[in-house]
file upload32.cif (mmCIF, C-alpha atoms)
data_entry
loop_
_atom_site.label_atom_id
_atom_site.label_comp_id
_atom_site.auth_asym_id
_atom_site.auth_seq_id
_atom_site.Cartn_x
_atom_site.Cartn_y
_atom_site.Cartn_z
CA MET A 1 3.18 35.00 0.40
CA GLU A 2 2.42 31.59 1.80
CA CYS A 3 3.39 30.80 5.35
CA LEU A 4 4.37 27.44 6.81
CA ILE A 5 5.23 27.06 10.49
CA GLY A 6 6.51 23.93 12.20
CA MET A 7 7.53 23.10 15.76
CA GLN A 8 8.88 19.88 17.22
CA PHE A 9 8.31 19.08 20.87
CA ASP A 10 9.28 16.20 23.11
CA ASP A 11 6.56 13.82 21.98
CA PHE A 12 4.81 15.45 19.04
CA VAL A 13 5.32 17.79 16.09
CA MET A 14 2.93 20.56 15.23
CA VAL A 15 2.77 22.07 11.74
CA ALA A 16 0.61 24.89 10.53
CA ALA A 17 0.05 26.12 6.98
CA ASP A 18 -1.98 29.06 5.77
CA GLN A 19 -5.05 28.20 3.74
CA THR A 20 -4.99 31.02 1.21
CA ASN A 21 -4.60 30.27 -2.47
CA ALA A 22 -4.10 33.50 -4.43
CA ARG A 23 -3.21 34.45 -8.00
CA SER A 24 -1.81 37.99 -8.18
CA ILE A 25 -4.46 40.18 -6.53
CA MET A 26 -7.27 37.61 -6.46
CA VAL A 27 -7.83 35.15 -3.64
CA MET A 28 -8.86 31.87 -5.29
CA LYS A 29 -9.58 29.84 -2.16
CA SER A 30 -9.23 30.47 1.54
CA ASP A 31 -9.54 26.89 2.78
CA GLN A 32 -6.81 25.18 0.78
CA ASP A 33 -5.06 22.27 2.45
CA LYS A 34 -1.31 22.53 1.89
CA PHE A 35 -0.48 19.29 3.63
CA CYS A 36 0.27 15.99 1.99
CA GLN A 37 0.26 12.83 4.04
CA LEU A 38 3.19 10.71 2.92
CA SER A 39 2.52 7.77 5.22
CA ASP A 40 0.97 6.88 8.57
CA LYS A 41 3.15 9.20 10.62
CA LEU A 42 4.70 11.45 8.04
CA VAL A 43 3.29 14.72 6.73
CA MET A 44 4.69 17.27 4.32
CA ALA A 45 3.60 20.90 4.11
CA VAL A 46 4.46 22.49 0.75
CA SER A 47 4.52 26.04 -0.53
CA GLY A 48 5.88 27.66 -3.67
CA GLU A 49 5.12 27.53 -7.39
CA SER A 50 1.55 26.36 -7.76
CA GLY A 51 1.36 23.14 -9.73
CA ASP A 52 4.89 22.20 -8.68
CA THR A 53 3.64 21.94 -5.11
CA THR A 54 0.92 19.39 -5.82
CA GLN A 55 3.01 17.50 -8.36
CA PHE A 56 6.03 17.19 -6.11
CA ALA A 57 4.04 16.33 -3.01
CA GLU A 58 2.02 13.60 -4.72
CA PHE A 59 5.10 12.24 -6.48
CA ILE A 60 6.98 11.90 -3.21
CA ALA A 61 3.94 10.44 -1.45
CA ARG A 62 3.47 7.73 -4.11
CA ASN A 63 7.15 6.81 -4.05
CA ILE A 64 7.08 6.49 -0.29
CA GLN A 65 4.08 4.16 -0.61
CA LEU A 66 5.88 2.16 -3.32
CA TYR A 67 8.82 1.68 -0.98
CA LYS A 68 6.39 0.37 1.63
CA MET A 69 4.82 -2.09 -0.85
CA ARG A 70 8.19 -3.27 -2.10
CA ASN A 71 9.89 -3.72 1.23
CA GLY A 72 7.08 -4.38 3.67
CA TYR A 73 7.95 -1.51 5.99
CA GLU A 74 7.76 2.27 5.86
CA LEU A 75 10.63 4.67 5.41
CA SER A 76 11.70 6.42 8.60
CA PRO A 77 11.27 10.23 8.66
CA THR A 78 15.06 10.66 8.27
CA ALA A 79 15.15 8.39 5.25
CA ALA A 80 12.07 9.98 3.72
CA ALA A 81 13.47 13.47 4.27
CA ASN A 82 16.77 12.58 2.66
CA TYR A 83 14.97 10.92 -0.23
CA THR A 84 12.87 14.06 -0.74
CA ARG A 85 15.91 16.28 -0.59
CA ARG A 86 17.70 14.07 -3.10
CA GLN A 87 14.77 14.38 -5.52
CA LEU A 88 14.78 18.17 -5.14
CA ALA A 89 18.53 18.27 -5.71
CA ASP A 90 18.42 15.99 -8.77
CA TYR A 91 15.70 18.03 -10.44
CA LEU A 92 17.39 21.31 -9.51
CA ARG A 93 20.04 20.97 -12.17
CA SER A 94 17.66 19.73 -14.82
CA ARG A 95 15.52 21.68 -17.23
CA THR A 96 12.54 21.25 -14.92
CA PRO A 97 13.39 22.11 -11.31
CA TYR A 98 10.71 22.02 -8.65
CA GLN A 99 10.18 25.40 -7.00
CA VAL A 100 8.84 24.20 -3.68
CA ASN A 101 9.67 24.96 -0.09
CA LEU A 102 8.58 22.40 2.40
CA LEU A 103 8.39 21.25 5.97
CA LEU A 104 8.51 17.53 6.64
CA ALA A 105 7.12 16.42 9.99
CA GLY A 106 7.09 12.86 11.22
CA PHE A 107 7.24 10.46 14.12
CA ASP A 108 10.02 7.87 14.11
CA GLU A 109 8.63 4.66 15.59
CA GLU A 110 12.07 3.13 16.11
CA SER A 111 13.46 5.93 18.23
CA GLY A 112 10.08 7.04 19.55
CA LYS A 113 10.88 10.65 18.74
CA PRO A 114 9.16 13.26 16.59
CA GLU A 115 11.21 14.99 13.88
CA LEU A 116 10.94 18.15 11.82
CA TYR A 117 12.87 18.89 8.63
CA MET A 118 12.91 22.10 6.67
CA MET A 119 13.82 22.08 2.96
CA ASP A 120 13.89 24.83 0.42
CA TYR A 121 13.73 24.88 -3.36
CA LEU A 122 17.52 24.76 -3.64
CA ALA A 123 17.45 21.40 -1.87
CA SER A 124 19.10 22.55 1.30
CA MET A 125 17.82 20.73 4.36
CA ILE A 126 18.05 21.21 8.08
CA LYS A 127 16.67 19.17 10.94
CA THR A 128 15.49 21.63 13.50
CA LYS A 129 13.31 22.26 16.52
CA TYR A 130 11.21 24.90 14.84
CA ALA A 131 11.11 26.43 11.38
CA ALA A 132 9.03 28.61 9.11
CA HIS A 133 8.79 29.31 5.39
CA GLY A 134 7.64 32.50 3.71
CA TYR A 135 7.65 36.14 4.74
CA GLY A 136 5.66 35.16 7.80
CA GLY A 137 8.76 33.29 8.91
CA PHE A 138 10.56 36.52 9.65
CA PHE A 139 8.09 37.28 12.42
CA THR A 140 7.33 33.82 13.71
CA THR A 141 10.93 32.64 14.04
CA ALA A 142 11.63 35.51 16.40
CA LEU A 143 8.52 34.66 18.44
CA MET A 144 9.49 30.99 18.64
CA ASP A 145 13.01 31.96 19.70
CA CYS A 146 11.40 33.72 22.64
CA HIS A 147 8.63 31.37 23.69
CA TYR A 148 9.43 27.86 22.46
CA ARG A 149 10.00 25.19 25.14
CA SER A 150 10.50 21.58 24.09
CA ASN A 151 8.32 20.20 26.88
CA MET A 152 5.16 22.10 25.99
CA THR A 153 1.81 20.34 25.98
CA ARG A 154 -0.39 20.25 22.90
CA GLN A 155 -2.55 23.07 24.22
CA GLN A 156 0.46 25.25 25.04
CA ALA A 157 1.92 24.53 21.62
CA TYR A 158 -1.39 25.40 19.98
CA ASN A 159 -1.48 28.68 21.90
CA LEU A 160 2.04 29.47 20.76
CA MET A 161 0.93 28.72 17.21
CA ILE A 162 -1.98 31.15 17.65
CA GLU A 163 0.45 33.81 18.86
CA CYS A 164 2.59 33.22 15.77
CA VAL A 165 -0.41 33.52 13.49
CA LYS A 166 -1.56 36.69 15.26
CA GLU A 167 1.83 38.26 14.68
CA VAL A 168 1.83 37.30 11.01
CA GLN A 169 -1.63 38.74 10.58
CA LYS A 170 -0.62 41.93 12.37
CA ARG A 171 2.61 42.65 10.48
CA LEU A 172 2.39 40.99 7.07
CA VAL A 173 0.85 43.15 4.40
CA ILE A 174 -0.81 40.10 2.82
CA ASN A 175 -3.97 38.93 4.54
CA LEU A 176 -3.75 35.28 5.68
CA PRO A 177 -6.92 34.70 7.69
CA ASN A 178 -6.87 30.90 8.10
CA PHE A 179 -4.19 28.44 9.18
CA ALA A 180 -4.69 24.68 9.25
CA VAL A 181 -2.89 22.87 12.07
CA LEU A 182 -1.77 19.24 12.20
CA VAL A 183 -0.21 17.26 15.03
CA ILE A 184 1.90 14.14 14.47
CA ASP A 185 2.63 11.89 17.42
CA LYS A 186 2.95 8.21 18.19
CA GLU A 187 -0.77 7.73 17.50
CA GLY A 188 -0.47 9.18 14.02
CA VAL A 189 -1.70 12.35 12.40
CA SER A 190 -4.54 14.40 13.89
CA ARG A 191 -6.00 17.74 12.97
CA MET A 192 -6.46 20.56 15.44
CA ASP A 193 -9.01 23.35 15.06
CA THR A 194 -8.15 25.56 12.09
CA ILE A 195 -6.91 28.91 13.35
CA ASN A 196 -9.34 31.46 11.94
CA PRO A 197 -10.54 34.90 13.12
CA THR A 198 -13.08 33.34 15.53
CA VAL A 199 -10.50 31.10 17.17
CA ILE A 200 -8.10 34.02 17.54
CA ALA A 201 -10.81 36.24 19.04
CA ASN A 202 -11.69 33.51 21.56
CA ALA A 203 -8.08 32.90 22.47
CA ALA A 204 -7.43 36.53 23.28
CA ARG B 1 14.22 -13.75 -33.93
CA ALA B 2 11.07 -14.53 -31.98
CA ILE B 3 11.18 -17.69 -29.89
CA THR B 4 7.42 -17.78 -29.62
CA MET B 5 6.20 -18.65 -33.11
CA PHE B 6 3.10 -20.55 -34.17
CA SER B 7 3.35 -24.26 -34.76
CA PRO B 8 1.75 -25.74 -37.88
CA ASP B 9 -1.37 -26.67 -35.95
CA GLY B 10 -1.84 -23.25 -34.40
CA HIS B 11 -0.21 -23.79 -31.00
CA LEU B 12 2.27 -21.55 -29.27
CA PHE B 13 4.52 -24.21 -27.86
CA GLN B 14 6.55 -21.88 -25.66
CA VAL B 15 3.37 -20.72 -23.96
CA GLU B 16 2.25 -24.30 -23.46
CA TYR B 17 5.64 -25.23 -22.05
CA ALA B 18 5.32 -22.26 -19.71
CA GLN B 19 1.98 -23.67 -18.57
CA GLU B 20 3.77 -26.93 -17.86
CA ALA B 21 6.20 -25.00 -15.66
CA VAL B 22 3.22 -23.62 -13.78
CA LYS B 23 1.90 -27.14 -13.22
CA LYS B 24 5.15 -27.94 -11.42
CA GLY B 25 4.75 -25.08 -8.94
CA SER B 26 3.26 -25.55 -5.49
CA THR B 27 -0.49 -25.22 -5.26
CA ALA B 28 -2.29 -21.98 -4.58
CA VAL B 29 -6.01 -21.56 -4.03
CA GLY B 30 -8.21 -18.48 -3.95
CA VAL B 31 -11.75 -18.15 -2.60
CA ARG B 32 -14.04 -15.14 -2.96
CA GLY B 33 -16.36 -14.76 0.01
CA LYS B 34 -19.19 -12.36 0.62
CA ASP B 35 -17.03 -9.64 2.16
CA VAL B 36 -13.70 -11.35 2.43
CA VAL B 37 -11.15 -12.87 0.03
CA VAL B 38 -8.89 -15.75 0.98
CA LEU B 39 -5.64 -16.91 -0.59
CA GLY B 40 -4.04 -20.16 0.48
CA VAL B 41 -0.73 -21.59 -0.67
CA GLU B 42 1.12 -24.81 -0.15
CA LYS B 43 4.27 -24.12 1.76
CA LYS B 44 7.17 -26.07 0.29
CA ALA B 45 9.27 -27.88 2.84
CA VAL B 46 12.56 -26.07 3.38
CA ALA B 47 15.98 -27.61 3.72
CA LYS B 48 17.16 -28.22 7.28
CA LEU B 49 19.65 -25.38 7.35
CA GLN B 50 17.47 -22.94 5.43
CA GLU B 51 15.76 -20.13 7.34
CA ASP B 52 12.03 -20.47 7.07
CA ARG B 53 10.93 -17.10 5.70
CA THR B 54 7.21 -16.89 5.53
CA VAL B 55 5.15 -14.95 3.03
CA ARG B 56 7.04 -15.63 -0.14
CA LYS B 57 4.24 -16.81 -2.40
CA ILE B 58 1.65 -14.28 -1.37
CA CYS B 59 2.65 -10.75 -2.36
CA GLN B 60 0.96 -7.51 -1.51
CA LEU B 61 0.66 -5.31 -4.58
CA ASP B 62 -1.18 -2.43 -2.92
CA GLU B 63 -3.14 -1.73 0.26
CA HIS B 64 -6.13 -3.55 -1.21
CA VAL B 65 -4.58 -6.02 -3.67
CA LEU B 66 -3.05 -9.40 -2.92
CA MET B 67 -1.46 -11.83 -5.34
CA ALA B 68 -0.48 -15.48 -5.10
CA PHE B 69 1.34 -17.28 -7.89
CA ALA B 70 2.39 -20.73 -9.00
CA GLY B 71 5.47 -21.38 -11.09
CA LEU B 72 8.89 -19.76 -11.39
CA THR B 73 9.45 -17.57 -8.33
CA ALA B 74 12.01 -15.39 -10.06
CA ASP B 75 9.56 -14.55 -12.83
CA ALA B 76 7.00 -13.64 -10.20
CA ARG B 77 9.43 -11.23 -8.61
CA VAL B 78 9.72 -9.28 -11.85
CA LEU B 79 5.96 -9.14 -12.32
CA THR B 80 5.33 -8.15 -8.72
CA LYS B 81 7.82 -5.32 -9.01
CA GLN B 82 6.18 -3.90 -12.11
CA ALA B 83 2.68 -4.38 -10.73
CA ARG B 84 3.55 -2.52 -7.53
CA VAL B 85 4.87 0.43 -9.49
CA GLU B 86 1.75 0.42 -11.66
CA CYS B 87 -0.50 0.45 -8.59
CA GLN B 88 1.18 3.60 -7.29
CA SER B 89 1.40 5.14 -10.74
CA HIS B 90 -2.34 4.69 -11.18
CA ARG B 91 -2.97 6.39 -7.87
CA LEU B 92 -0.71 9.26 -8.90
CA THR B 93 -2.32 9.87 -12.27
CA VAL B 94 -6.00 9.36 -11.47
CA GLU B 95 -6.07 9.74 -7.66
CA ASP B 96 -7.89 6.44 -7.33
CA PRO B 97 -6.73 3.01 -6.23
CA VAL B 98 -6.61 0.39 -8.98
CA THR B 99 -9.55 -1.91 -9.46
CA ILE B 100 -8.61 -5.57 -9.33
CA GLU B 101 -9.60 -5.95 -12.96
CA TYR B 102 -7.32 -3.09 -13.98
CA ILE B 103 -4.23 -4.47 -12.34
CA THR B 104 -5.05 -7.97 -13.59
CA ARG B 105 -5.39 -6.60 -17.10
CA TYR B 106 -2.05 -4.83 -16.67
CA ILE B 107 -0.29 -7.99 -15.53
CA ALA B 108 -1.97 -10.02 -18.27
CA SER B 109 -0.93 -7.50 -20.96
CA LEU B 110 2.61 -7.68 -19.67
CA LYS B 111 2.54 -11.46 -19.93
CA GLN B 112 1.08 -11.31 -23.43
CA ARG B 113 3.76 -8.91 -24.58
CA TYR B 114 6.38 -11.47 -23.67
CA THR B 115 4.68 -14.06 -25.87
CA GLN B 116 5.05 -11.81 -28.87
CA SER B 117 8.47 -10.23 -28.42
CA ASN B 118 11.87 -10.85 -29.87
CA GLY B 119 14.20 -12.98 -27.87
CA ARG B 120 11.99 -13.14 -24.78
CA ARG B 121 10.36 -16.17 -23.29
CA PRO B 122 6.93 -16.09 -21.63
CA PHE B 123 6.60 -15.73 -17.85
CA GLY B 124 6.36 -19.15 -16.27
CA ILE B 125 3.71 -18.25 -13.71
CA SER B 126 -0.02 -18.17 -13.23
CA CYS B 127 -1.35 -15.61 -10.80
CA LEU B 128 -4.34 -15.40 -8.52
CA ILE B 129 -5.03 -11.71 -8.01
CA THR B 130 -7.52 -10.77 -5.39
CA GLY B 131 -8.75 -7.83 -3.40
CA PHE B 132 -11.52 -5.27 -3.20
CA ASP B 133 -12.77 -2.65 -5.63
CA TYR B 134 -13.26 0.66 -3.81
CA ALA B 135 -13.19 -1.18 -0.49
CA GLU B 136 -16.52 -2.89 -1.08
CA THR B 137 -16.64 -5.43 -3.92
CA PRO B 138 -14.49 -8.54 -3.47
CA ARG B 139 -12.86 -9.91 -6.62
CA LEU B 140 -10.71 -12.84 -7.64
CA TYR B 141 -8.96 -13.07 -11.00
CA GLN B 142 -6.62 -15.61 -12.52
CA THR B 143 -3.98 -15.00 -15.19
CA ASP B 144 -1.85 -17.52 -17.00
CA PRO B 145 1.37 -17.42 -19.07
CA SER B 146 -0.50 -16.79 -22.31
CA GLY B 147 -1.77 -13.49 -20.97
CA THR B 148 -5.44 -14.37 -20.66
CA TYR B 149 -7.35 -13.52 -17.52
CA HIS B 150 -10.72 -14.48 -16.13
CA GLU B 151 -12.72 -13.69 -13.03
CA TRP B 152 -13.48 -16.58 -10.70
CA LYS B 153 -15.52 -17.27 -7.60
CA ALA B 154 -12.87 -19.73 -6.48
CA ASN B 155 -9.91 -21.28 -8.27
CA ALA B 156 -6.64 -23.10 -7.86
CA ILE B 157 -3.32 -23.04 -9.73
CA GLY B 158 -0.14 -25.09 -9.63
CA ARG B 159 0.38 -28.74 -8.80
CA ASN B 160 -2.82 -30.76 -8.66
CA ALA B 161 -4.86 -27.67 -9.44
CA LYS B 162 -7.38 -29.83 -11.27
CA THR B 163 -8.14 -31.86 -8.15
CA VAL B 164 -8.54 -28.76 -6.04
CA ARG B 165 -10.72 -27.04 -8.64
CA GLU B 166 -12.97 -30.09 -8.85
CA PHE B 167 -13.31 -30.06 -5.08
CA LEU B 168 -14.20 -26.37 -5.18
CA GLU B 169 -16.75 -26.95 -7.96
CA LYS B 170 -18.43 -29.58 -5.80
CA ASN B 171 -18.33 -27.62 -2.59
CA TYR B 172 -18.52 -23.91 -3.41
CA SER B 173 -21.80 -22.07 -3.03
CA GLU B 174 -22.80 -18.60 -1.89
CA ASP B 175 -23.90 -20.06 1.47
CA VAL B 176 -20.62 -21.88 2.03
CA VAL B 177 -18.68 -18.59 1.93
CA GLN B 178 -21.12 -16.36 3.84
CA THR B 179 -18.71 -15.65 6.67
CA GLU B 180 -14.97 -15.21 6.85
CA ALA B 181 -14.54 -18.34 8.95
CA LEU B 182 -16.42 -20.41 6.38
CA ALA B 183 -14.49 -19.01 3.44
CA VAL B 184 -11.19 -19.72 5.19
CA LYS B 185 -12.35 -23.23 6.02
CA LEU B 186 -13.27 -23.88 2.39
CA ALA B 187 -9.89 -22.67 1.17
CA ILE B 188 -8.02 -24.80 3.69
CA LYS B 189 -10.25 -27.81 3.04
CA ALA B 190 -9.60 -27.46 -0.69
CA LEU B 191 -5.84 -27.27 -0.17
CA LEU B 192 -5.84 -30.23 2.17
CA GLU B 193 -7.10 -32.37 -0.72
CA VAL B 194 -3.63 -32.21 -2.18
CA VAL B 195 -1.35 -31.01 0.60
CA GLN B 196 -0.13 -33.00 3.57
CA SER B 197 -2.28 -32.28 6.58
CA GLY B 198 -0.72 -29.83 9.01
CA GLY B 199 -0.61 -26.13 9.77
CA LYS B 200 3.03 -25.84 8.87
CA ASN B 201 2.40 -26.85 5.27
CA LEU B 202 -0.07 -24.09 4.58
CA GLU B 203 0.04 -20.35 4.38
CA VAL B 204 -3.25 -18.48 4.39
CA ALA B 205 -3.92 -14.79 3.84
CA VAL B 206 -7.25 -13.09 4.43
CA MET B 207 -8.26 -9.67 3.17
CA ARG B 208 -11.31 -7.85 4.48
CA ALA B 209 -13.08 -4.94 2.85
CA GLY B 210 -11.21 -1.71 3.44
CA SER B 211 -8.77 -2.99 6.01
CA GLY B 212 -5.70 -4.57 4.45
CA TYR B 213 -4.68 -8.18 4.73
CA GLN B 214 -3.73 -10.53 7.50
CA MET B 215 -1.62 -13.67 7.36
CA LEU B 216 -3.22 -16.31 9.55
CA ASP B 217 -0.75 -17.64 12.07
CA VAL B 218 0.11 -21.29 12.38
CA SER B 219 -2.03 -21.92 15.46
CA GLU B 220 -5.11 -20.53 13.71
CA ILE B 221 -4.49 -22.67 10.61
CA GLU B 222 -3.89 -25.74 12.81
CA ARG B 223 -7.22 -25.13 14.51
CA VAL B 224 -9.13 -25.10 11.21
CA VAL B 225 -7.16 -28.11 9.94
CA LYS B 226 -8.15 -30.05 13.07
CA GLU B 227 -11.77 -29.04 12.54
CA VAL B 228 -11.66 -30.19 8.92
CA ASP B 229 -9.95 -33.47 9.86
CA LYS B 230 -12.53 -34.12 12.55
CA GLU B 231 -15.39 -33.49 10.11
CA LYS B 232 -13.80 -35.88 7.61
CA GLU B 233 -13.50 -38.55 10.29
CA GLU B 234 -17.11 -38.07 11.36
CA GLU B 235 -18.22 -38.31 7.73
CA ALA B 236 -16.22 -41.50 7.25
CA ALA B 237 -17.62 -42.96 10.48
CA ALA B 238 -21.19 -42.06 9.48
CA LYS B 239 -20.67 -43.73 6.09
CA LYS B 240 -19.34 -46.84 7.78
CA LYS B 241 -22.39 -46.98 10.03
CA GLU B 242 -24.67 -46.67 6.99
CA THR B 243 -23.04 -49.54 5.13
CA LYS B 244 -23.05 -51.60 8.34
CA SER B 245 -26.75 -50.99 8.98
CA ASP B 246 -27.50 -51.87 5.34
CA LYS B 247 -26.26 -55.36 6.01
#
call {"tool": "encode", "arguments": {"input": "upload32.cif", "output": "structure tokens"}}
result
Amino acid sequence: MECLIGMQFDDFVMVAADQTNARSIMVMKSDQDKFCQLSDKLVMAVSGESGDTTQFAEFIARNIQLYKMRNGYELSPTAAANYTRRQLADYLRSRTPYQVNLLLAGFDEESGKPELYMMDYLASMIKTKYAAHGYGGFFTTALMDCHYRSNMTRQQAYNLMIECVKEVQKRLVINLPNFAVLVIDKEGVSRMDTINPTVIANAA
Amino acid sequence: RAITMFSPDGHLFQVEYAQEAVKKGSTAVGVRGKDVVVLGVEKKAVAKLQEDRTVRKICQLDEHVLMAFAGLTADARVLTKQARVECQSHRLTVEDPVTIEYITRYIASLKQRYTQSNGRRPFGISCLITGFDYAETPRLYQTDPSGTYHEWKANAIGRNAKTVREFLEKNYSEDVVQTEALAVKLAIKALLEVVQSGGKNLEVAVMRAGSGYQMLDVSEIERVVKEVDKEKEEEAAAKKKETKSDK
């Protein structure tokens, strides 16, 4: 039901997550933030079993901060992603697995490149140019296959994100009116305008 | 078989011996300013072939907490490790950064536990824990091997701590630490009472409200040291003039 979309470009990563929190037929909240900032230039978008999502995200975030305190420097996105995957994998074959799907987006200061990782609840991980979780992914992946170019500007990327959201809203039976959008680049994490019906109407 | 048992006259000798170990450690001083906290430590001279790695006696426990210690470095490592985990754990469970009192209490409880456990000796360190509560209130606490802790406006631990503390008692006042520069100067001046004059023998860390800490670099420390030395000279010269004119 939840939809996470991520795209990595030449000098930034853009991630979007829907803002709907629903229990069965009732919408609890339509401005929920599904992002968790792990460190200065690392963000994780989580979806899945409610409760597990917050717990896992905060747990990973605190451990990443502990690493920073202990060692004096932050984990690179690759290291953080592998650490996260390892945690998912370890808990998978325990009595209490985490049922979360996530996108990890970060900017590696050493290499100067943005990175995007996609992980699912079975602890499989891929590093990829663009990815999506949820039923919405079926539609958006196809769109990104068509229109994604690695050298897009932030505005072009944002427009592509709007197109993805429009498609999800057109074809998915569940209503997902709002999508929050974050950009991670060498300056850090910044928030773009939340994609909501007004923004979509203006973009058209 | 507990090593720490009471003596006939009510002392815990192991704890007192641990305090002796602290007195052998290099000096550390802490000053609480109006909106800044300063930690200064005496940098021990390193062997010729040893790499000079800075920042060993001042440890960062969390974004807003700094700790300096005096005594057995290895013991400090263990405490720092546990304190760092506790800082993050606190944030995870209550979504709030630790207050300086909380983390001091945690470290002190840890130390106390080791004075009352089987087969364990007390930690041979005293700590100066400093930082800001909720990014606004500066705090300075001191713990010692017995596990007691107190809040201070300014304090010193380690070798010659008594001398430094007496200096601070004479010279500390709310006015003297109004600005960051003044607080830093007081800390350095206090340390220079017992440490050989020179920027390379001191390490100074400054933490400002809500913005992390900064280690002052050698040139900056040298500058303040020169200022302090000059003032001392001028004072001495003025005194000489007075006694001369008396005659």
call {"tool": "interface_residues", "arguments": {"input": "upload32.cif", "of": "chain B", "to": "chain A", "cutoff": "9 Å", "atoms": "all atoms listed in the file", "output": "ChimeraX atom specification"}}
result
/B:60-63,80-81,84-85,87-89,91-92
call {"tool": "write_last_selection", "arguments": {"input": "upload32.cif", "atoms": "C-alpha atoms", "output": "JSON list (two decimals), in the frame of the given file"}}
result
[["chain", "number", "residue", "atom", "x", "y", "z"],
["B", 60, "GLN", "CA", 0.96, -7.51, -1.51],
["B", 61, "LEU", "CA", 0.66, -5.31, -4.58],
["B", 62, "ASP", "CA", -1.18, -2.43, -2.92],
["B", 63, "GLU", "CA", -3.14, -1.73, 0.26],
["B", 80, "THR", "CA", 5.33, -8.15, -8.72],
["B", 81, "LYS", "CA", 7.82, -5.32, -9.01],
["B", 84, "ARG", "CA", 3.55, -2.52, -7.53],
["B", 85, "VAL", "CA", 4.87, 0.43, -9.49],
["B", 87, "CYS", "CA", -0.50, 0.45, -8.59],
["B", 88, "GLN", "CA", 1.18, 3.60, -7.29],
["B", 89, "SER", "CA", 1.40, 5.14, -10.74],
["B", 91, "ARG", "CA", -2.97, 6.39, -7.87],
["B", 92, "LEU", "CA", -0.71, 9.26, -8.90]]
call {"tool": "residues_around", "arguments": {"input": "upload32.cif", "residues": "segment 144-154 of chain B", "least_positions_apart": "5", "cutoff": "7 Å", "atoms": "only C-alpha atoms", "output": "list of chain:residue names"}}
result
B:Val15, B:Ala18, B:Gln19, B:Gly30, B:Val31, B:Arg32, B:Ala108, B:Ser109, B:Lys111, B:Gln112, B:Thr115, B:Pro122, B:Phe123, B:Gly124, B:Ile125, B:Ser126, B:Cys127, B:Leu168
call {"tool": "atom_distance", "arguments": {"input": "upload32.cif", "atom1": "atom CA of Ala131 of chain A", "atom2": "atom CA of Gln169 of chain A"}}
result
17.7 Å
call {"tool": "resolve_selection", "arguments": {"input": "upload32.cif", "expression": "the PyMOL selection byres ((chain B and resi 227-244) around 10)", "output": "number ranges by chain"}}
result
B: 185-186, 188-189, 192, 197-198, 221-226, 245-247
call {"tool": "closest_residue", "arguments": {"input": "upload32.cif", "among": "B:Leu39, B:Ile58, B:Thr73, B:Lys48", "to": "Leu140 of chain B", "atoms": "all atoms listed in the file"}}
result
B:Leu39
call {"tool": "closest_residue", "arguments": {"input": "upload32.cif", "among": "B:Leu182, B:Ala190, B:Leu12, B:Met67", "to": "Lys162 of chain B", "atoms": "only C-alpha atoms"}}
result
B:Ala190
call {"tool": "resolve_selection", "arguments": {"input": "upload32.cif", "expression": "the PyMOL selection byres ((chain B and resi 208) around 12)", "output": "short mmCIF file (atom, residue, chain, number, x, y, z; two decimals) with C-alpha atoms, in the frame of the given file"}}
result
data_model
loop_
_atom_site.label_atom_id
_atom_site.label_comp_id
_atom_site.auth_asym_id
_atom_site.auth_seq_id
_atom_site.Cartn_x
_atom_site.Cartn_y
_atom_site.Cartn_z
CA ARG B 32 -14.04 -15.14 -2.96
CA GLY B 33 -16.36 -14.76 0.01
CA LYS B 34 -19.19 -12.36 0.62
CA ASP B 35 -17.03 -9.64 2.16
CA VAL B 36 -13.70 -11.35 2.43
CA VAL B 37 -11.15 -12.87 0.03
CA VAL B 38 -8.89 -15.75 0.98
CA LEU B 39 -5.64 -16.91 -0.59
CA GLU B 63 -3.14 -1.73 0.26
CA HIS B 64 -6.13 -3.55 -1.21
CA VAL B 65 -4.58 -6.02 -3.67
CA LEU B 66 -3.05 -9.40 -2.92
CA THR B 130 -7.52 -10.77 -5.39
CA GLY B 131 -8.75 -7.83 -3.40
CA PHE B 132 -11.52 -5.27 -3.20
CA ASP B 133 -12.77 -2.65 -5.63
CA ALA B 135 -13.19 -1.18 -0.49
CA GLU B 136 -16.52 -2.89 -1.08
CA THR B 137 -16.64 -5.43 -3.92
CA PRO B 138 -14.49 -8.54 -3.47
CA ARG B 139 -12.86 -9.91 -6.62
CA THR B 179 -18.71 -15.65 6.67
CA GLU B 180 -14.97 -15.21 6.85
CA ALA B 181 -14.54 -18.34 8.95
CA ALA B 183 -14.49 -19.01 3.44
CA VAL B 184 -11.19 -19.72 5.19
CA ALA B 205 -3.92 -14.79 3.84
CA VAL B 206 -7.25 -13.09 4.43
CA MET B 207 -8.26 -9.67 3.17
CA ALA B 209 -13.08 -4.94 2.85
CA GLY B 210 -11.21 -1.71 3.44
CA SER B 211 -8.77 -2.99 6.01
CA GLY B 212 -5.70 -4.57 4.45
CA TYR B 213 -4.68 -8.18 4.73
CA GLN B 214 -3.73 -10.53 7.50
CA MET B 215 -1.62 -13.67 7.36
#
call {"tool": "atom_distance", "arguments": {"input": "upload32.cif", "atom1": "atom CA of Ala68 of chain B", "atom2": "atom CA of Ile129 of chain B"}}
result
6.6 Å
call {"tool": "residues_around", "arguments": {"input": "upload32.cif", "residues": "segment 9-13 of chain A", "least_positions_apart": "4", "cutoff": "12 Å", "atoms": "only C-alpha atoms", "output": "JSON, numbers by chain"}}
result
{"A": [5, 41, 42, 43, 44, 103, 104, 105, 106, 107, 108, 109, 111, 112, 113, 114, 115, 116, 117, 128, 129, 130, 131, 148, 149, 150, 151, 152, 153, 154, 155, 156, 157, 158, 161, 181, 182, 183, 184, 185, 186, 187, 188, 189, 190, 191]}
